[in-house]
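For reference, the structure discussed in these notes is given below.
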Amino acid sequence: MIDIKLIRDDADDVKRRLADRKVEPEPIDEVLKLDETWRAKKTEGEVQQAALNKANKAFGPWMGGRKKNPDMPAPQQLVELLGETPADPETAKEKLRLLGEEKDKVEAEADAIMNQIDGILLNLPNLPHPQTPVGKSEDDNVIRKEWGTKREFDFEPKAHWDLVGDKGLELEIGGRISGSGFPFLRGKLAKLERALINFFLELHTSEHGYTECWTPFMVRGETLRNSSQLPKFYDDLYRADERDDLYLIPTAEVPLTSVHAGEILDAEQVPVRYCAFTPCFRREAGAAGKDTRGILRVHQFSKVELMVVTAPDRSDEEHETLTRCAETVLERLEIPHRRLELCTADLGFGAARCYDLEAWAPGVGNWLEVSSCSTFGDFQARRAKIRVRGEDKKPQLAHTLNGSGLAVPRTMIALLENNQQADGTINIPKALQPHYGAETL
């Protein structure tokens with residue numbers, strides 16, 4: 001969530017940065033108007049509370065003194081607040097009660113206005129990082145690096161759906177059980193899925209210093225708001241039913257972001273680095289008709305997620321480190337890939353800066369996104385109330401980062417298509433062989 005102080009201090013800069021993300025300025029203008037009203041109401045309530053505190057402090061002694069001296073005059077603080085001299089303590093007490101109700105009403109009005117402000121801010125995307133390239137569409141994304149050489153085949157490479165139809169890709173069964181977009185893997189492909197997950201987790205925990213976590217696969221609405229999935233992506237989520245405020249997770253980022261919600265971390269505790277395997281569930285409501293063949297785009301898929309909580313002055317460094325961890329997976333699997341930096345027009349809702357890692361898939365003849373490595377600044381931490389103590393020991397909002405390390409389906413596609421042989425066999429990369437238990441599939 002954008003810091004309202006940034007809007008107060010320099011609304012034009014916020015508008016400019018949001019315009020780079022194709023966001024119109026009207027919400028910022030509305031926030032400014034509401035914030036002005038909120039501050040006036042807040043001040044009014046505080047003034048009323050201060051006057052009531054003084055009057056109530058004077059009321060007790062006056063009431064006690066009247067028992068000895070019935071003619072004891074009302075204290076000046078009480079007279080000033082009531083605007084008249086009360087006839088007796090009971091009259092004054094009733095008027096104080098009514099003034100207290102008026103103060104409560106003003107405070108409730110202020111709270112209602114702040115809820116309106118929060119409602120607007122929750123629907124605004126993050127501000128782009130100063131180093132994020134400005135662009136008008138995905139065509140303005142920037143290739144930052146490439147790794148590996150595209151293989152030259154002496155035969156026509158097959159797409160994965162033709163390549164492994166006899167090795168356990170059972171899309172028809174998945175469709176019969178759950179509907180389209182829910183793959184069913186059997187035999188060798190099921191084993192390959194498990195091997196990839198184990199390989200990802202082992203690499204990140206044993207070499208990259210991540211702590212493995214096992215998270216719930218269903219979360220509350222509040223948990224989704226903390227990670228900026230709600231309210232923006234409501235239509236893409238699977239919900240349990242009206243009896244529970246529970247949703248199936250679209251990514252392990254969601255539960256991992258809330259691990260330290262409401263906490264203050266000491267400086268020596270950060271950076272916190274977590275990884276977790278989970279199934280991910282997405283309706284893909286805005287992607288109807290896209291990438292429908294094979295397992296290019298599905299409603300349920302496996303993923304190992306990397307998540308970092310750090311101090312603000314280390315977030316840029318951690319972004320590079322996290323991205324390198326994800327890239328290392330592709331290098332070990334010997335899959336040609338590239339790092340793409342997303343421009344402002346193509347950034348994810350909560351990201352301030354993002355690198356997409358794309359693996360080359362020769363069978364489908366395309367680059368496939370297998371990871372998005374994002375830094376969020378304090379955008380998520382403000383929602384989740386995650387703070388860290390700085391060198392001055394004062395708590396400040398933490399910065400959060402996450403990225404796939406990696407998503408299994410498209411990584412599997414790239415692995416299968418790059419390692420296919422003319423006789424229909426598929427070589428297993430050396431790094432994966434201990435987990436798969438064989439050299440070929």
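Going by the structure tokens order, chains are called A, B, ..., each with residues numbered from 1, while ligands are numbered from 1 in the order shown.
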- Task: Please provide the set of residues having any atom within 7 Å of Cys325 (chain A), restricted to only C-alpha atoms, with same-chain residues fewer than 4 positions apart removed, written as a VMD selection string.
- Result: chain A and resid 208 321 329
- Tell me, which residues of region 143-312 of chain A carry DSSP alpha helix (DSSP H), written as JSON, numbers by chain? {"A": [160, 161, 162, 163, 171, 172, 173, 174, 175, 176, 177, 188, 189, 190, 191, 192, 193, 194, 195, 196, 197, 198, 199, 200, 201, 202, 203, 204, 205, 206, 221, 222, 223, 224, 225, 226, 253, 254, 255, 256, 257]}
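If you count only C-alpha atoms and ignore residues fewer than 2 places along the chain from Asp104 (chain A), what sits within 12 Å of it is Lys41, Lys42, Glu44, Gly45, Glu46, Gln48, Gln49, Leu52, Arg97, Leu98, Leu99, Gly100, Glu101, Glu102, Val106, Glu107, Ala108, Glu109, Ala110 and Asp111 of chain A.
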- Taking the chain letters and numbering used in this document, name the residues of region 235-347 of chain A that DSSP puts in strand (DSSP E or B), as number ranges by chain. A: 238-239, 246-248, 264-265, 272-281, 300-310, 337-341
Taking C-alpha atoms for each residue, export the selection above as a compact mmCIF listing (two decimals), in the first residue's frame.
# COMPACT_ATOMS: atom_id res chain seq x y z
CA TYR A 238 -10.58 -19.89 -5.64
CA ARG A 239 -12.68 -19.47 -2.50
CA LEU A 246 -10.70 -19.09 3.33
CA TYR A 247 -9.11 -19.08 -0.10
CA LEU A 248 -6.82 -21.52 -1.90
CA ILE A 264 9.08 -6.03 14.94
CA LEU A 265 12.24 -7.86 13.88
CA VAL A 272 14.87 -13.52 6.75
CA ARG A 273 14.93 -15.95 3.81
CA TYR A 274 12.17 -18.54 3.42
CA CYS A 275 11.38 -21.06 0.72
CA ALA A 276 8.36 -23.32 0.39
CA PHE A 277 6.86 -25.81 -2.02
CA THR A 278 3.11 -25.52 -2.49
CA PRO A 279 0.52 -26.25 -5.10
CA CYS A 280 -0.80 -22.98 -6.52
CA PHE A 281 -4.39 -22.35 -7.56
CA GLN A 300 -3.22 -25.82 -10.47
CA PHE A 301 0.54 -26.15 -10.54
CA SER A 302 3.52 -26.80 -8.29
CA LYS A 303 6.00 -24.09 -7.37
CA VAL A 304 8.86 -23.48 -4.99
CA GLU A 305 8.71 -19.88 -3.77
CA LEU A 306 11.51 -17.73 -2.37
CA MET A 307 10.58 -14.96 0.05
CA VAL A 308 12.78 -12.39 1.84
CA VAL A 309 12.15 -9.86 4.62
CA THR A 310 14.93 -7.33 5.00
CA HIS A 337 17.34 -18.59 -20.39
CA ARG A 338 17.30 -14.84 -20.17
CA ARG A 339 16.67 -12.17 -17.55
CA LEU A 340 14.04 -9.63 -18.57
CA GLU A 341 13.50 -6.44 -16.58
- Task: Give me, please, the distance in Å between CA of Ala159 (chain A) and CA of Gly424 (chain A), quoted to one decimal.
- Result: 11.8 Å
Would you kindly return, as an mmCIF file with C-alpha atoms, in the first residue's frame, each protein, DNA or RNA residue with an atom no farther than 9 Å from any atom of region 225-232 of chain A, considering only C-alpha atoms and excluding same-chain residues fewer than 4 positions away?
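This went into around-v9.cif:
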data_model
loop_
_atom_site.group_PDB
_atom_site.id
_atom_site.type_symbol
_atom_site.label_atom_id
_atom_site.label_comp_id
_atom_site.auth_asym_id
_atom_site.auth_seq_id
_atom_site.Cartn_x
_atom_site.Cartn_y
_atom_site.Cartn_z
ATOM 1 C CA MET A 1 0.000 0.000 0.000
ATOM 2 C CA LEU A 122 -5.667 -0.807 -1.429
ATOM 3 C CA ASN A 123 -6.621 -0.647 -5.102
ATOM 4 C CA LEU A 124 -3.609 1.415 -6.195
ATOM 5 C CA PRO A 125 -0.497 -0.422 -7.438
ATOM 6 C CA ARG A 220 -7.804 -15.976 5.292
ATOM 7 C CA GLY A 221 -8.751 -12.883 3.367
ATOM 8 C CA LEU A 237 -8.853 -16.661 -6.594
ATOM 9 C CA PRO A 250 -2.277 -18.601 -5.662
ATOM 10 C CA GLU A 253 4.224 -15.847 -1.298
ATOM 11 C CA VAL A 254 0.845 -15.291 0.352
ATOM 12 C CA PRO A 255 1.318 -17.297 3.575
ATOM 13 C CA LEU A 256 5.067 -16.561 3.748
ATOM 14 C CA THR A 257 4.469 -12.789 3.675
ATOM 15 C CA SER A 258 2.301 -13.068 6.782
ATOM 16 C CA ALA A 261 2.789 -9.915 10.241
ATOM 17 C CA PHE A 349 0.472 -4.907 -9.086
ATOM 18 C CA GLY A 350 2.619 -4.999 -5.930
ATOM 19 C CA PHE A 379 4.260 -1.929 -0.024
ATOM 20 C CA GLN A 380 3.399 -5.310 1.529
ATOM 21 C CA ALA A 381 5.000 -4.589 4.903
ATOM 22 C CA ARG A 382 2.702 -1.585 5.410
ATOM 23 C CA ARG A 383 -0.336 -3.819 4.950
ATOM 24 C CA ALA A 384 1.085 -6.635 7.070
ATOM 25 C CA LYS A 385 2.649 -4.307 9.669
#
- Query: Residues at most 12 Å from Leu203 (chain A), counting only C-alpha atoms, excluding those fewer than 5 positions away in the same chain, as a PyMOL selection string?
  - Reply: chain A and resi 196-198+208-212+275+304+306+325-333+405-406+431-432+435
- Could you give me, as a ChimeraX atom specification, the residues within 12 Å of Pro61 (chain A), counting only C-alpha atoms and dropping anything in the same chain fewer than 6 positions from it? /A:55,67-69,72-75,78,89
Filtering to C-alpha atoms, could you give me those residues as a PDB file, in the first residue's frame?
ATOM      1  CA  ALA A  55     -13.275  19.038  32.576  1.00  0.00           C
ATOM      2  CA  LYS A  67     -20.755  17.712  49.879  1.00  0.00           C
ATOM      3  CA  LYS A  68     -19.018  20.022  52.367  1.00  0.00           C
ATOM      4  CA  ASN A  69     -19.894  23.281  50.658  1.00  0.00           C
ATOM      5  CA  MET A  72     -18.952  25.726  45.877  1.00  0.00           C
ATOM      6  CA  PRO A  73     -18.794  27.218  42.319  1.00  0.00           C
ATOM      7  CA  ALA A  74     -18.153  25.026  39.297  1.00  0.00           C
ATOM      8  CA  PRO A  75     -14.510  24.976  38.172  1.00  0.00           C
ATOM      9  CA  LEU A  78     -16.065  22.919  33.315  1.00  0.00           C
ATOM     10  CA  PRO A  89     -23.131  18.254  39.375  1.00  0.00           C
TER      11      PRO A  89
END
- Query: Hey, which of A:Val142, A:Val164, A:Leu192, A:Ile426 ends up closest to Tyr355 (chain A)? Count only C-alpha atoms.
  - Reply: A:Val142
- Query: What lies within 12 Å of Val270 (chain A) using only C-alpha atoms, ignoring chain neighbours under 6 positions off, as a PyMOL selection string?
  - Reply: chain A and resi 260+264+308-315+318+386-390+398-400
Write the selection just made, keeping C-alpha atoms, as an mmCIF file, in the first residue's frame?
data_model
loop_
_atom_site.group_PDB
_atom_site.id
_atom_site.type_symbol
_atom_site.label_atom_id
_atom_site.label_comp_id
_atom_site.auth_asym_id
_atom_site.auth_seq_id
_atom_site.Cartn_x
_atom_site.Cartn_y
_atom_site.Cartn_z
ATOM 1 C CA HIS A 260 5.972 -12.011 10.565
ATOM 2 C CA ILE A 264 9.077 -6.032 14.942
ATOM 3 C CA VAL A 308 12.780 -12.390 1.837
ATOM 4 C CA VAL A 309 12.147 -9.858 4.620
ATOM 5 C CA THR A 310 14.933 -7.325 5.001
ATOM 6 C CA ALA A 311 15.906 -3.846 6.141
ATOM 7 C CA PRO A 312 15.209 -1.067 3.594
ATOM 8 C CA ASP A 313 18.888 -0.334 2.953
ATOM 9 C CA ARG A 314 19.486 -3.922 1.805
ATOM 10 C CA SER A 315 16.487 -4.519 -0.435
ATOM 11 C CA GLU A 318 18.670 -8.775 -1.806
ATOM 12 C CA ILE A 386 6.095 -5.930 9.452
ATOM 13 C CA ARG A 387 8.807 -3.747 10.959
ATOM 14 C CA VAL A 388 12.517 -3.983 11.639
ATOM 15 C CA ARG A 389 14.675 -2.030 14.060
ATOM 16 C CA GLY A 390 17.312 0.123 12.403
ATOM 17 C CA ALA A 398 10.601 -3.712 6.496
ATOM 18 C CA HIS A 399 11.025 -4.405 2.792
ATOM 19 C CA THR A 400 9.784 -7.661 1.253
#
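If only C-alpha atoms are the atoms counted, then among A:Lys54, A:His204, A:Lys93, A:Arg194 the closest residue to Gln76 (chain A) is A:Lys54.
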